[in-house]
Structure formats: C-alpha cells, structure tokens
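One structure is given below, encoded as structure tokens.
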Amino acid sequence: MNYSLSILILLLPLASFLIIGLPEFLNKKYAWAPKVAGGIGTLSLALVTLLSYWTAISYFGGDRLADGTFATLVPYNYTWLPLGNLHFDLGVLLDPISVMMLVVISTVSLMVHIYSFGYMHGEKGFQRYYAFLSLFTMSMLGLVLATNIFQMYMFWELVGVSSYLLIGFYYPLHAAVHASKKAFIVTRFADMFFLIGILIFGYYTQSFNFSFTGTEIVLGEGMQALTTCDASRAAAMGGMILPTALVLMFIGGAGKSAMFPLHIWLPDAMEGPTPVSALIHAATMVVAGVFQIARMFPIWIEYAPNALSIVVVVGAFTAFYAAAVACAQSDIKRGLAFSTISQIAFMMVALGVCLPNHHGDAVLDNHAQLGYMAGMFHLFTHAMFKACLFLCAGVIIHAVHTNEMSAMGGLRKYMPVTNWTFFISCLAISGIPFFSGFSSKDEIITACFEYSPICGWWMTGVAAMTAFYMFRLYYGIFWGTENVELHKHHTPGEHSWAMKFPLIFLTVITVGVGIVTTLGGFLGWDWASFGSLVSASGEQYTIHFNLSIALTSTIVACLSIGLATYIFKGDSQPVADRMYAAFPRLHKWAKNRFYMDEVYQFVTHKILFRWVSRPVQWIDETIINGLIDFSAWGANEGGESIRSWQSGDVRHYAVWFISGAVALTLILLAI
C-alpha cells in the first residue's frame, strides 16, 4: 500500500496557514476576503480529513505482519541535522495510535472550521482566526506523525505557540491577554523539563527513537529495514537514568495536559473563542501529554515500569480534584474545562496502571493491554462528545450572550437540537450503556481494579462525580427557571446550520460508536475492536466487559444522574440551597478552585519575587553592574592619566623612545 500522500496531511494545513495568514491587508481592502479565507481553511481541512480517513481505512484494513500485528510505517524520513551517531530526523510515522489520532484531530478540527462560519461571523480578525486554526491543526498533526522525540518536541512547541495565539485572539481584552500569557508561561515551564528529559535520553542512548524493541520499521513500499537503537546499549545504562528522563518528559506532558498542579492555565484559556475551546480542550492540545506517554510506552514498560506509579498518583488525584471543582462552577465553559482535566486524568491513570506480566517480562499481559487500550479508546470517544459539549456551549453563549448559568434555564424549548445533542453527550461522558463513554470508561475502571481495588473504587467515585456535575450543568442550562427578563429583550435561538451540523455529526459518532462497542463488549464480537482499540504491541484487542464492574459503574452513574435530577431539575432548588447553606466554606473553596491560583500568586510574588528575584536583581545592579562600571571608570581614569603622553610634540616622543631603548638595552645586558 502506497502511503506517499500522507505527507499532504501536513502540507495542506501549512499551505492554508501561509495563504490565509500572510496577505493580512486583504481584510482591509476587500470585503469578501474573510469568507474566502474561511473557505480556504475549511476546504484544506476537508481534504486533510479525507486523506486521514483514507489512510486509516488503508492501514487498518491492509495486510499485517506475520505475527498478526500492525506494521509501523515510515513513508518519509529525512535526516535534518546529522551529529555523528546522534541525528535529528524529520518524517512521517504511521502506526495504530498515530493513525487513530489523525482521524480524531482532522474530524474535530473540520467540525470546528465549519462551526466557526456561524459562531465567528462578523468578528474582526476572521481571516487571522482561520490562519491560526490551520497553524494549530498542522502543529498537532505533525506532533502525532513525528518519527522521533525531537521532531515531536518541535511540533509540541508549535502547538504551544498556536494555542497562545488562539487563546489571546481577543487581544483588546485584558482577560484574554492574561489567559494566553498564563497558558504560555505554565506550559513553557513544564516544557523545560520535557527538553531536559529529551537531552538526557538522547545523550545516554544516542538515539531519539520511541522504542528500543529492535523491531523493524517498514519504509514505504520498498520494505527496507531500519532497526532501532540496540537494546543492549539501553540495558547497559541501568540505574535511574532512563526512569529519570521519562519522568522529566512526563512533567512536560502533565503541563500540556493540565495535570495537577500545572492545571491552572486551562480554565482561564476559556477566554478564547468557544470553537477554540472545543479544538484545544477536546482532541488536540490537552491530549498531547497522554499521547506522549502512549508513544513512549514500550520504553516505560521495559525500563521504568515502577515509575508509572507516579502517573497513576498524579492522574488519580487530578481526576478527583477537577471533578470536585466542576461540581461548583457556574460558568459553563469553566465547568467543561474542569471536566476535561478530569477526563484527561482518566486516560493518564489508564496508562499508568499498565504493568508487565507477573513473570517480570517486558511483555504486557491482557490486563495491562486493557489499560493501554482503554486509555487510547477513551481519548477517541472523549474527543467526540467533549467537542460536541463545547460547541453546544458556544451555541448557548451565542444565544444568551453570557457564560453564567444564572442567565439560562428553560432553554430546551428554544434550542431543541442543542438540548438533545448536549443531553446525549452528557449520557456518554457519564458512562451510560450504548453511548461511547460507557465502553471506554468502563474498561479504564476495570483496568484500575486489576491494578488495585483502591484505585478501582477511587476512579468509580470520580466517575460518579462526573455524572453528577454534568447533569447539574445540563439541568441548569435547559431546565430550571427561565430568565424571563433576559429573554424579553432577546429571544434565544440556534441560528445557522453551520453551527448545528457539527453538533449532529459528533453526536452520531458518539451514539454509533457506543452502540457498536457496547453490543460488541457484551457479545464478544471480534470486529468490535476497531482501529483505535490496539494494545501497546500493536495487536488488536477485543472488548470483553467485566459484567460485575460494568453493572456497578452503570448503577453508580444512574444514581448520580438521579441525584442531580432530584436536586437541580425543578424550577426551585431547595435541596441545593440547603446544601450550600450547610457547607458554605466547602462550596466557596470548590468554586474558587481551592485557591490554587492564589497559592501560585503567593509563591511567585511573596517568595520567588521577594526572596529570589529581588536579591538577584540587587546582585545584578550592584555587584555585576558595579564591576562593569568600575572597569569603565578605571579605563577612563587610566586614559586620562596617560593623556599627556600623546601631546603631539616630537621632542617628547623622542625622549620616550630613547629612554625606552636605553631601558630595554640595559635589561638585555643584565640578562
């Protein structure tokens, strides 16, 4: 199978960015320029989506290797900077998770492009917006198609720059500028650890490859063999070198995926346009950390399996913390943002609970494969229904002109399409059978129980909180008391099909995947394990539900939904009012994110700035600048003292010349 066209998946959005972004003057000269820019960006993404789907069908439907696994294909690989044995390559790598990510990124990005025609209509900077979308999509596609860690890091940083531009799109607003700087600074701080980990990894292994398995990488149709770094060299390192490098890389991934305590940038990133929130927080930027661990997973399993416990602890705590905060948010976008943090943490936990088999080999048994497969599958399903939720939020905000639930209520009769798509997405994220989130989240919980009963029950509790806060959000928006005064001046509605079509499309995927995987899980259909359900070794893994865990998680989710319905569905909410009155401090702390932003402010301003930055500033201004000023003063004074020597009088020069010659002669005679 020829995959030479796969390079267009990167080149098309890059060309779109250059075409749309460079002639910025068109915005001022021609009224039709913004629409043409949006059309170019959307058309390029449509072609990228078709190429991604074609690649996925060809890859998963094509021939496998002799052992039944999927081949790792590298249609393009170019040595960019040769540095002896260590070299920086650029290329395209196709394997099960990268092909799955192509489908996810291209699908969500295309829906965002289409949706933005309605949501961003009439906005100043429409052309600039679509240019940034193309750059962001290209960066994320380059990240998942990278053939080595260094190439991944290059596109990783491009994703950071793109997100900075998109979050700060409304740059005249102080809040948007502050949010974009916050996202950039926090993620750059985490990326510093990622880079240090890459440098340690490259120095000691003399390779930037993603694995040391020694397996062949197929290059195009020629089937040339390119073996990876010799495993014996990596094994000879021993000690804590590779675990340290991997943990440092994980810190970079934790920053990008908003894991505690590096999560503080994500809620504020809601200051960007809502379609940007759907793109960044559903399928692209925030899953980069999860993808990084999945991509490096063979090395984690073989050389640092115990270090995965760090991933489990960070992920499990983050999932609970974010769910607790989401239960108290009144801003619908920030509620969805904390929901994203919690769900990304689910994926992290799923990868962390994977351990080698009981014989100590670096081969995953079925339980370990289950965690890896479930994490990747949840990445796929979450991208679809969370993108739908954010786009629904955009329709709602577009209709009522605010993010606050206090201005909503009773919107179901004005917005039927948004109501049903939001409701179905809430069922999916809650883990209800026959919706996509049930299959993926249930498998994560099963893997957690195999790892530890404590971990399993902890994540079951977080799943219950997820169902509760999502239906609290749903009832607060579409049910409850209608804001008659607000609607008197403006009747809310769903407006154009450009905004409704993406909601329906993503909902169809959510329901379709949910039905197929739920039936397949209970009936054991082999074809239920479609492309994205792959083990770390590349083998397909069929869903087989643990019936007791599936029933338990479903019952818990239904009870949580029932509790949310009892508390929040009615026009009045006496139970909620009594709960707020009984636990005012807890509610205040949760609504204010447990004051993590204030903690950062205190640490940076009261400790770092006062006790570190100011002493360093004093040393710089007093000692370093003082030494430089002293050197300048000394040179000036020395010049003034010998100024008389340069009098221009030939007699003085003759005296100095003769005196010097005599002195030099006497010295030579003395020697």
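Quick note on naming: the chains in the structure tokens go A, B, ... in the order shown, residues restart at 1 in each chain, and ligands are numbered from 1 in order of appearance.
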
Which residues, written as a list in words, have at least one atom at most 9 Å from Phe346 in chain A, with only C-alpha atoms counted and residues fewer than 4 positions away on the same chain left out?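 The filter keeps Gly315, Ala316, Thr318, Ala319, Ile341, Ser342, Ala350, Leu351, Gly375, His378, Lys441, Ile444, Ile445 and Met459 of chain A.
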
Could the residues in this selection be saved with all heavy atoms as a short mmCIF file (atom, residue, chain, number, x, y, z; two decimals), in the first residue's frame?
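Written file, again_14.cif:
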```cif
data_model
loop_
_atom_site.label_atom_id
_atom_site.label_comp_id
_atom_site.auth_asym_id
_atom_site.auth_seq_id
_atom_site.Cartn_x
_atom_site.Cartn_y
_atom_site.Cartn_z
N GLY A 315 -2.50 11.28 38.12
CA GLY A 315 -3.76 11.21 37.38
C GLY A 315 -4.96 11.02 38.28
O GLY A 315 -6.00 11.68 38.10
N ALA A 316 -4.86 10.12 39.26
CA ALA A 316 -6.00 9.84 40.14
C ALA A 316 -6.36 11.06 40.98
O ALA A 316 -7.55 11.40 41.14
CB ALA A 316 -5.67 8.65 41.05
N THR A 318 -5.66 14.24 40.27
CA THR A 318 -6.16 15.28 39.38
C THR A 318 -7.61 15.02 38.98
O THR A 318 -8.43 15.95 38.91
CB THR A 318 -5.28 15.37 38.12
OG1 THR A 318 -3.93 15.63 38.50
CG2 THR A 318 -5.77 16.47 37.18
N ALA A 319 -7.93 13.76 38.71
CA ALA A 319 -9.30 13.41 38.32
C ALA A 319 -10.29 13.80 39.42
O ALA A 319 -11.35 14.38 39.14
CB ALA A 319 -9.40 11.92 38.02
N ILE A 341 -10.14 18.31 32.30
CA ILE A 341 -8.99 17.95 33.14
C ILE A 341 -9.21 16.59 33.79
O ILE A 341 -8.33 15.74 33.82
CB ILE A 341 -8.75 19.04 34.20
CG1 ILE A 341 -8.37 20.36 33.54
CG2 ILE A 341 -7.66 18.60 35.18
CD1 ILE A 341 -8.29 21.53 34.51
N SER A 342 -10.41 16.38 34.32
CA SER A 342 -10.72 15.12 34.99
C SER A 342 -10.68 13.95 34.01
O SER A 342 -10.15 12.87 34.33
CB SER A 342 -12.10 15.21 35.64
OG SER A 342 -12.41 14.04 36.38
N ALA A 350 -5.25 5.27 33.16
CA ALA A 350 -5.34 4.05 32.36
C ALA A 350 -3.97 3.61 31.86
O ALA A 350 -3.65 2.40 31.87
CB ALA A 350 -6.28 4.27 31.17
N LEU A 351 -3.14 4.55 31.45
CA LEU A 351 -1.79 4.20 31.01
C LEU A 351 -0.91 3.83 32.20
O LEU A 351 -0.06 2.94 32.10
CB LEU A 351 -1.16 5.38 30.25
CG LEU A 351 -1.82 5.75 28.92
CD1 LEU A 351 -1.17 7.00 28.34
CD2 LEU A 351 -1.70 4.60 27.93
N GLY A 375 -7.29 3.51 27.64
CA GLY A 375 -6.86 4.91 27.64
C GLY A 375 -6.92 5.53 26.26
O GLY A 375 -7.40 6.65 26.07
N HIS A 378 -10.58 5.86 25.20
CA HIS A 378 -11.25 6.98 25.87
C HIS A 378 -10.79 8.30 25.27
O HIS A 378 -11.58 9.26 25.21
CB HIS A 378 -10.95 6.95 27.37
CG HIS A 378 -11.88 7.82 28.17
ND1 HIS A 378 -13.25 7.69 28.14
CD2 HIS A 378 -11.63 8.85 29.02
CE1 HIS A 378 -13.81 8.59 28.93
NE2 HIS A 378 -12.84 9.31 29.47
N LYS A 441 -14.80 4.23 29.41
CA LYS A 441 -14.62 4.49 30.84
C LYS A 441 -14.74 3.20 31.65
O LYS A 441 -14.00 2.99 32.63
CB LYS A 441 -15.64 5.52 31.32
CG LYS A 441 -15.41 5.97 32.76
CD LYS A 441 -16.35 7.09 33.14
CE LYS A 441 -15.98 8.37 32.44
NZ LYS A 441 -16.78 9.53 32.89
N ILE A 444 -11.47 1.41 31.54
CA ILE A 444 -10.47 2.04 32.40
C ILE A 444 -10.68 1.62 33.85
O ILE A 444 -9.73 1.27 34.57
CB ILE A 444 -10.56 3.58 32.27
CG1 ILE A 444 -10.08 4.02 30.89
CG2 ILE A 444 -9.71 4.26 33.35
CD1 ILE A 444 -10.20 5.51 30.65
N ILE A 445 -11.93 1.63 34.31
CA ILE A 445 -12.21 1.23 35.69
C ILE A 445 -11.86 -0.24 35.91
O ILE A 445 -11.31 -0.61 36.96
CB ILE A 445 -13.69 1.51 36.02
CG1 ILE A 445 -13.95 3.03 36.00
CG2 ILE A 445 -14.07 0.93 37.38
CD1 ILE A 445 -15.40 3.41 36.18
N MET A 459 -11.55 5.62 41.21
CA MET A 459 -11.97 6.08 39.88
C MET A 459 -13.47 5.88 39.66
O MET A 459 -14.10 6.65 38.93
CB MET A 459 -11.17 5.36 38.79
CG MET A 459 -9.66 5.60 38.86
SD MET A 459 -9.19 7.35 38.98
CE MET A 459 -9.70 7.96 37.39
#
```

Using only C-alpha atoms, which protein or nucleic acid residues come within 10 Å of Leu51 in chain A? Drop anything in the same chain fewer than 6 positions from it, and give the result as an mmCIF file with C-alpha atoms, in the first residue's frame.
```cif
data_model
loop_
_atom_site.group_PDB
_atom_site.id
_atom_site.type_symbol
_atom_site.label_atom_id
_atom_site.label_comp_id
_atom_site.auth_asym_id
_atom_site.auth_seq_id
_atom_site.Cartn_x
_atom_site.Cartn_y
_atom_site.Cartn_z
ATOM 1 C CA LEU A 5 0.148 11.044 0.000
ATOM 2 C CA SER A 6 0.317 11.077 3.797
ATOM 3 C CA ILE A 7 2.758 13.976 3.620
ATOM 4 C CA LEU A 8 -0.115 16.129 2.311
ATOM 5 C CA ILE A 9 -1.800 15.765 5.706
ATOM 6 C CA LEU A 45 -9.154 20.647 6.375
ATOM 7 C CA ILE A 57 -9.006 2.553 6.163
ATOM 8 C CA LEU A 102 -5.239 11.526 12.555
ATOM 9 C CA VAL A 103 -8.931 10.637 12.485
ATOM 10 C CA SER A 106 -8.959 16.009 11.481
#
```

What is the CA of Lys500 in chain A to CA of Ser257 in chain A distance in Å?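 It comes out at 28.5 Å.
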
Residues of range 25-220 of chain A in strand (DSSP E or B), written as a PyMOL selection string: chain A and resi 73-83+86-94+216-219

Which parts of range 28-194 of chain A does DSSP call alpha helix (DSSP H) when run on the backbone here, written out as a PDB file with C-alpha atoms, in the first residue's frame?
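Resulting contents of out-v4.pdb:
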```pdb
ATOM      1  CA  LYS A  28      -8.950  45.995   4.858  1.00  0.00           C
ATOM      2  CA  LYS A  29      -9.081  46.083   1.091  1.00  0.00           C
ATOM      3  CA  ALA A  33     -11.544  38.322   1.878  1.00  0.00           C
ATOM      4  CA  PRO A  34     -12.612  36.872   5.283  1.00  0.00           C
ATOM      5  CA  LYS A  35     -15.133  34.489   3.705  1.00  0.00           C
ATOM      6  CA  VAL A  36     -12.563  33.374   1.140  1.00  0.00           C
ATOM      7  CA  ALA A  37     -10.047  32.819   3.955  1.00  0.00           C
ATOM      8  CA  GLY A  38     -12.552  30.718   5.877  1.00  0.00           C
ATOM      9  CA  GLY A  39     -13.357  28.760   2.729  1.00  0.00           C
ATOM     10  CA  ILE A  40      -9.694  28.050   2.030  1.00  0.00           C
ATOM     11  CA  GLY A  41      -9.094  26.892   5.593  1.00  0.00           C
ATOM     12  CA  THR A  42     -12.195  24.698   5.659  1.00  0.00           C
ATOM     13  CA  LEU A  43     -11.508  23.202   2.227  1.00  0.00           C
ATOM     14  CA  SER A  44      -7.923  22.323   3.181  1.00  0.00           C
ATOM     15  CA  LEU A  45      -9.154  20.647   6.375  1.00  0.00           C
ATOM     16  CA  ALA A  46     -11.807  18.746   4.427  1.00  0.00           C
ATOM     17  CA  LEU A  47      -9.066  17.366   2.176  1.00  0.00           C
ATOM     18  CA  VAL A  48      -6.921  16.540   5.213  1.00  0.00           C
ATOM     19  CA  THR A  49      -9.885  14.713   6.769  1.00  0.00           C
ATOM     20  CA  LEU A  50     -10.458  12.679   3.605  1.00  0.00           C
ATOM     21  CA  LEU A  51      -6.755  11.790   3.443  1.00  0.00           C
ATOM     22  CA  SER A  52      -6.791  10.837   7.137  1.00  0.00           C
ATOM     23  CA  TYR A  53      -9.823   8.594   6.676  1.00  0.00           C
ATOM     24  CA  TRP A  54      -8.298   7.020   3.575  1.00  0.00           C
ATOM     25  CA  THR A  55      -5.058   6.411   5.476  1.00  0.00           C
ATOM     26  CA  ALA A  56      -6.931   4.841   8.397  1.00  0.00           C
ATOM     27  CA  ILE A  57      -9.006   2.553   6.163  1.00  0.00           C
ATOM     28  CA  SER A  58      -5.952   1.509   4.168  1.00  0.00           C
ATOM     29  CA  TYR A  59      -3.856   0.951   7.272  1.00  0.00           C
ATOM     30  CA  PHE A  60      -6.291  -0.965   9.449  1.00  0.00           C
ATOM     31  CA  GLY A  61      -7.803  -2.815   6.510  1.00  0.00           C
ATOM     32  CA  PRO A  96      -2.138   2.334  15.225  1.00  0.00           C
ATOM     33  CA  ILE A  97      -2.193   5.272  17.635  1.00  0.00           C
ATOM     34  CA  SER A  98      -0.916   7.876  15.168  1.00  0.00           C
ATOM     35  CA  VAL A  99      -3.474   6.808  12.551  1.00  0.00           C
ATOM     36  CA  MET A 100      -6.221   6.901  15.175  1.00  0.00           C
ATOM     37  CA  MET A 101      -5.112  10.404  16.183  1.00  0.00           C
ATOM     38  CA  LEU A 102      -5.239  11.526  12.555  1.00  0.00           C
ATOM     39  CA  VAL A 103      -8.931  10.637  12.485  1.00  0.00           C
ATOM     40  CA  VAL A 104      -9.611  12.372  15.798  1.00  0.00           C
ATOM     41  CA  ILE A 105      -7.749  15.600  15.052  1.00  0.00           C
ATOM     42  CA  SER A 106      -8.959  16.009  11.481  1.00  0.00           C
ATOM     43  CA  THR A 107     -12.598  15.253  12.381  1.00  0.00           C
ATOM     44  CA  VAL A 108     -12.822  17.664  15.307  1.00  0.00           C
ATOM     45  CA  SER A 109     -10.837  20.357  13.511  1.00  0.00           C
ATOM     46  CA  LEU A 110     -13.075  20.144  10.436  1.00  0.00           C
ATOM     47  CA  MET A 111     -16.184  20.443  12.601  1.00  0.00           C
ATOM     48  CA  VAL A 112     -14.666  23.484  14.327  1.00  0.00           C
ATOM     49  CA  HIS A 113     -13.879  25.080  10.957  1.00  0.00           C
ATOM     50  CA  ILE A 114     -17.453  24.591   9.774  1.00  0.00           C
ATOM     51  CA  TYR A 115     -18.941  25.706  13.093  1.00  0.00           C
ATOM     52  CA  SER A 116     -16.817  28.860  13.123  1.00  0.00           C
ATOM     53  CA  PHE A 117     -18.517  30.155   9.982  1.00  0.00           C
ATOM     54  CA  GLY A 118     -21.587  30.739  12.119  1.00  0.00           C
ATOM     55  CA  TYR A 119     -20.042  31.485  15.503  1.00  0.00           C
ATOM     56  CA  PHE A 126     -11.910  36.482  10.961  1.00  0.00           C
ATOM     57  CA  GLN A 127      -9.096  35.811   8.487  1.00  0.00           C
ATOM     58  CA  ARG A 128      -6.474  35.799  11.237  1.00  0.00           C
ATOM     59  CA  TYR A 129      -8.614  33.341  13.201  1.00  0.00           C
ATOM     60  CA  TYR A 130      -8.698  30.794  10.368  1.00  0.00           C
ATOM     61  CA  ALA A 131      -4.954  31.205   9.786  1.00  0.00           C
ATOM     62  CA  PHE A 132      -4.302  30.352  13.438  1.00  0.00           C
ATOM     63  CA  LEU A 133      -6.662  27.367  13.221  1.00  0.00           C
ATOM     64  CA  SER A 134      -4.689  25.994  10.264  1.00  0.00           C
ATOM     65  CA  LEU A 135      -1.381  26.502  12.082  1.00  0.00           C
ATOM     66  CA  PHE A 136      -2.696  24.800  15.201  1.00  0.00           C
ATOM     67  CA  THR A 137      -4.046  21.817  13.274  1.00  0.00           C
ATOM     68  CA  MET A 138      -0.817  21.412  11.317  1.00  0.00           C
ATOM     69  CA  SER A 139       1.203  21.537  14.532  1.00  0.00           C
ATOM     70  CA  MET A 140      -0.871  18.851  16.224  1.00  0.00           C
ATOM     71  CA  LEU A 141      -0.842  16.609  13.152  1.00  0.00           C
ATOM     72  CA  GLY A 142       2.928  16.989  12.990  1.00  0.00           C
ATOM     73  CA  LEU A 143       3.188  16.034  16.649  1.00  0.00           C
ATOM     74  CA  VAL A 144       1.313  12.748  16.226  1.00  0.00           C
ATOM     75  CA  ILE A 149      11.172  12.509  20.121  1.00  0.00           C
ATOM     76  CA  PHE A 150      12.991  15.591  18.877  1.00  0.00           C
ATOM     77  CA  GLN A 151      10.557  16.081  15.993  1.00  0.00           C
ATOM     78  CA  MET A 152       7.700  15.621  18.465  1.00  0.00           C
ATOM     79  CA  TYR A 153       9.208  18.350  20.641  1.00  0.00           C
ATOM     80  CA  MET A 154       9.444  20.780  17.702  1.00  0.00           C
ATOM     81  CA  PHE A 155       5.755  20.408  16.885  1.00  0.00           C
ATOM     82  CA  TRP A 156       4.984  20.316  20.621  1.00  0.00           C
ATOM     83  CA  GLU A 157       6.303  23.875  20.880  1.00  0.00           C
ATOM     84  CA  LEU A 158       4.433  24.921  17.743  1.00  0.00           C
ATOM     85  CA  VAL A 159       1.247  23.699  19.416  1.00  0.00           C
ATOM     86  CA  GLY A 160       2.097  25.922  22.377  1.00  0.00           C
ATOM     87  CA  VAL A 161       2.623  28.974  20.174  1.00  0.00           C
ATOM     88  CA  SER A 162      -0.583  28.290  18.253  1.00  0.00           C
ATOM     89  CA  SER A 163      -2.609  27.915  21.446  1.00  0.00           C
ATOM     90  CA  TYR A 164      -1.161  31.205  22.710  1.00  0.00           C
ATOM     91  CA  LEU A 165      -2.347  32.951  19.543  1.00  0.00           C
ATOM     92  CA  LEU A 166      -5.822  31.393  19.652  1.00  0.00           C
ATOM     93  CA  ILE A 167      -6.449  31.874  23.381  1.00  0.00           C
ATOM     94  CA  HIS A 174      -7.116  42.218  29.236  1.00  0.00           C
ATOM     95  CA  ALA A 175      -8.537  38.876  30.389  1.00  0.00           C
ATOM     96  CA  ALA A 176      -7.718  37.229  27.039  1.00  0.00           C
ATOM     97  CA  VAL A 177      -4.152  38.550  27.047  1.00  0.00           C
ATOM     98  CA  HIS A 178      -3.680  37.430  30.639  1.00  0.00           C
ATOM     99  CA  ALA A 179      -5.051  33.950  29.844  1.00  0.00           C
ATOM    100  CA  SER A 180      -2.828  33.496  26.791  1.00  0.00           C
ATOM    101  CA  LYS A 181       0.275  34.545  28.711  1.00  0.00           C
ATOM    102  CA  LYS A 182      -0.662  32.276  31.593  1.00  0.00           C
ATOM    103  CA  ALA A 183      -1.103  29.284  29.284  1.00  0.00           C
ATOM    104  CA  PHE A 184       2.162  30.031  27.509  1.00  0.00           C
ATOM    105  CA  ILE A 185       4.227  30.520  30.672  1.00  0.00           C
ATOM    106  CA  VAL A 186       2.891  27.478  32.542  1.00  0.00           C
ATOM    107  CA  THR A 187       3.288  25.136  29.587  1.00  0.00           C
ATOM    108  CA  ARG A 188       6.742  26.545  28.758  1.00  0.00           C
ATOM    109  CA  PHE A 189       7.804  25.907  32.364  1.00  0.00           C
ATOM    110  CA  ALA A 190       6.687  22.294  32.018  1.00  0.00           C
ATOM    111  CA  ASP A 191       8.287  22.012  28.584  1.00  0.00           C
ATOM    112  CA  MET A 192      11.641  22.896  30.122  1.00  0.00           C
ATOM    113  CA  PHE A 193      11.527  19.551  31.952  1.00  0.00           C
ATOM    114  CA  PHE A 194      10.458  17.824  28.749  1.00  0.00           C
TER     115      PHE A 194
END
```

Which residues of range 379-498 of chain A sit at most 8 Å from range 504-521 of chain A, using only C-alpha atoms? Give each one's shortest atom pair and distance in Å (one decimal place), in chain and ascending residue order, as a tab-separated table.
```
residue	atom	partner	partner_atom	distance
A:Thr381	CA	A:Thr510	CA	6.9
A:Met384	CA	A:Leu506	CA	5.7
A:Phe385	CA	A:Thr510	CA	6.2
A:Ala387	CA	A:Leu506	CA	7.7
A:Cys388	CA	A:Leu506	CA	6.0
A:Val417	CA	A:Ile504	CA	7.8
A:Thr421	CA	A:Thr507	CA	6.0
A:Ile424	CA	A:Thr507	CA	7.1
A:Ser425	CA	A:Thr507	CA	7.0
A:Ala428	CA	A:Thr510	CA	7.2
A:Pro433	CA	A:Thr518	CA	6.5
A:Phe434	CA	A:Ile515	CA	4.5
A:Phe435	CA	A:Gly514	CA	3.8
A:Ser436	CA	A:Gly514	CA	3.5
A:Gly437	CA	A:Gly514	CA	7.1
A:Phe438	CA	A:Gly514	CA	7.2
A:Ser439	CA	A:Thr518	CA	6.0
```

Any chance you could export the current selection's C-alpha atoms as a short mmCIF file (atom, residue, chain, number, x, y, z; two decimals), in the first residue's frame?
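What landed in again.cif:
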```
data_model
loop_
_atom_site.label_atom_id
_atom_site.label_comp_id
_atom_site.auth_asym_id
_atom_site.auth_seq_id
_atom_site.Cartn_x
_atom_site.Cartn_y
_atom_site.Cartn_z
CA THR A 381 -14.54 8.82 22.48
CA MET A 384 -16.05 13.48 20.09
CA PHE A 385 -18.52 14.08 22.90
CA ALA A 387 -16.07 18.67 21.34
CA CYS A 388 -19.84 18.39 20.99
CA VAL A 417 -31.06 20.42 18.62
CA THR A 421 -27.05 16.77 21.50
CA ILE A 424 -26.66 12.66 24.63
CA SER A 425 -23.11 13.88 25.22
CA ALA A 428 -21.85 9.47 27.03
CA PRO A 433 -24.56 1.89 28.12
CA PHE A 434 -24.97 2.28 24.35
CA PHE A 435 -23.12 5.57 24.41
CA SER A 436 -19.41 5.71 23.60
CA GLY A 437 -18.19 6.83 27.02
CA PHE A 438 -19.59 3.67 28.64
CA SER A 439 -17.25 1.33 26.77
#
```

Quick one: of A:Pro615, A:Gly476, A:Gly371, A:Pro502, who's nearest to Asp442 in chain A, counting only C-alpha atoms?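 Smallest distance to Asp442 in chain A is found for A:Gly371.
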
Could you state the separation of CA of Ser339 in chain A and CA of Ala326 in chain A in Å, given to one decimal place?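 We find that CA of Ser339 in chain A and CA of Ala326 in chain A lie 6.3 Å from each other.
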
Rank A:Ile310, A:Leu411, A:Val287, A:Ile241 by their smallest atom-to-atom distance to Tyr203 in chain A, using only C-alpha atoms, and report the top residue only. A:Ile241

Nearest to Thr69 in chain A: which of A:Asp268, A:Asp629, A:Glu482, A:Asp95 is it, counting only C-alpha atoms?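 Result for the nearest residue to Thr69 in chain A: A:Asp95.
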
Spatial neighbours of Thr491 in chain A, 9 Å, only C-alpha atoms, chain gap at least 6 places, as a PyMOL selection string: chain A and resi 399-400+414
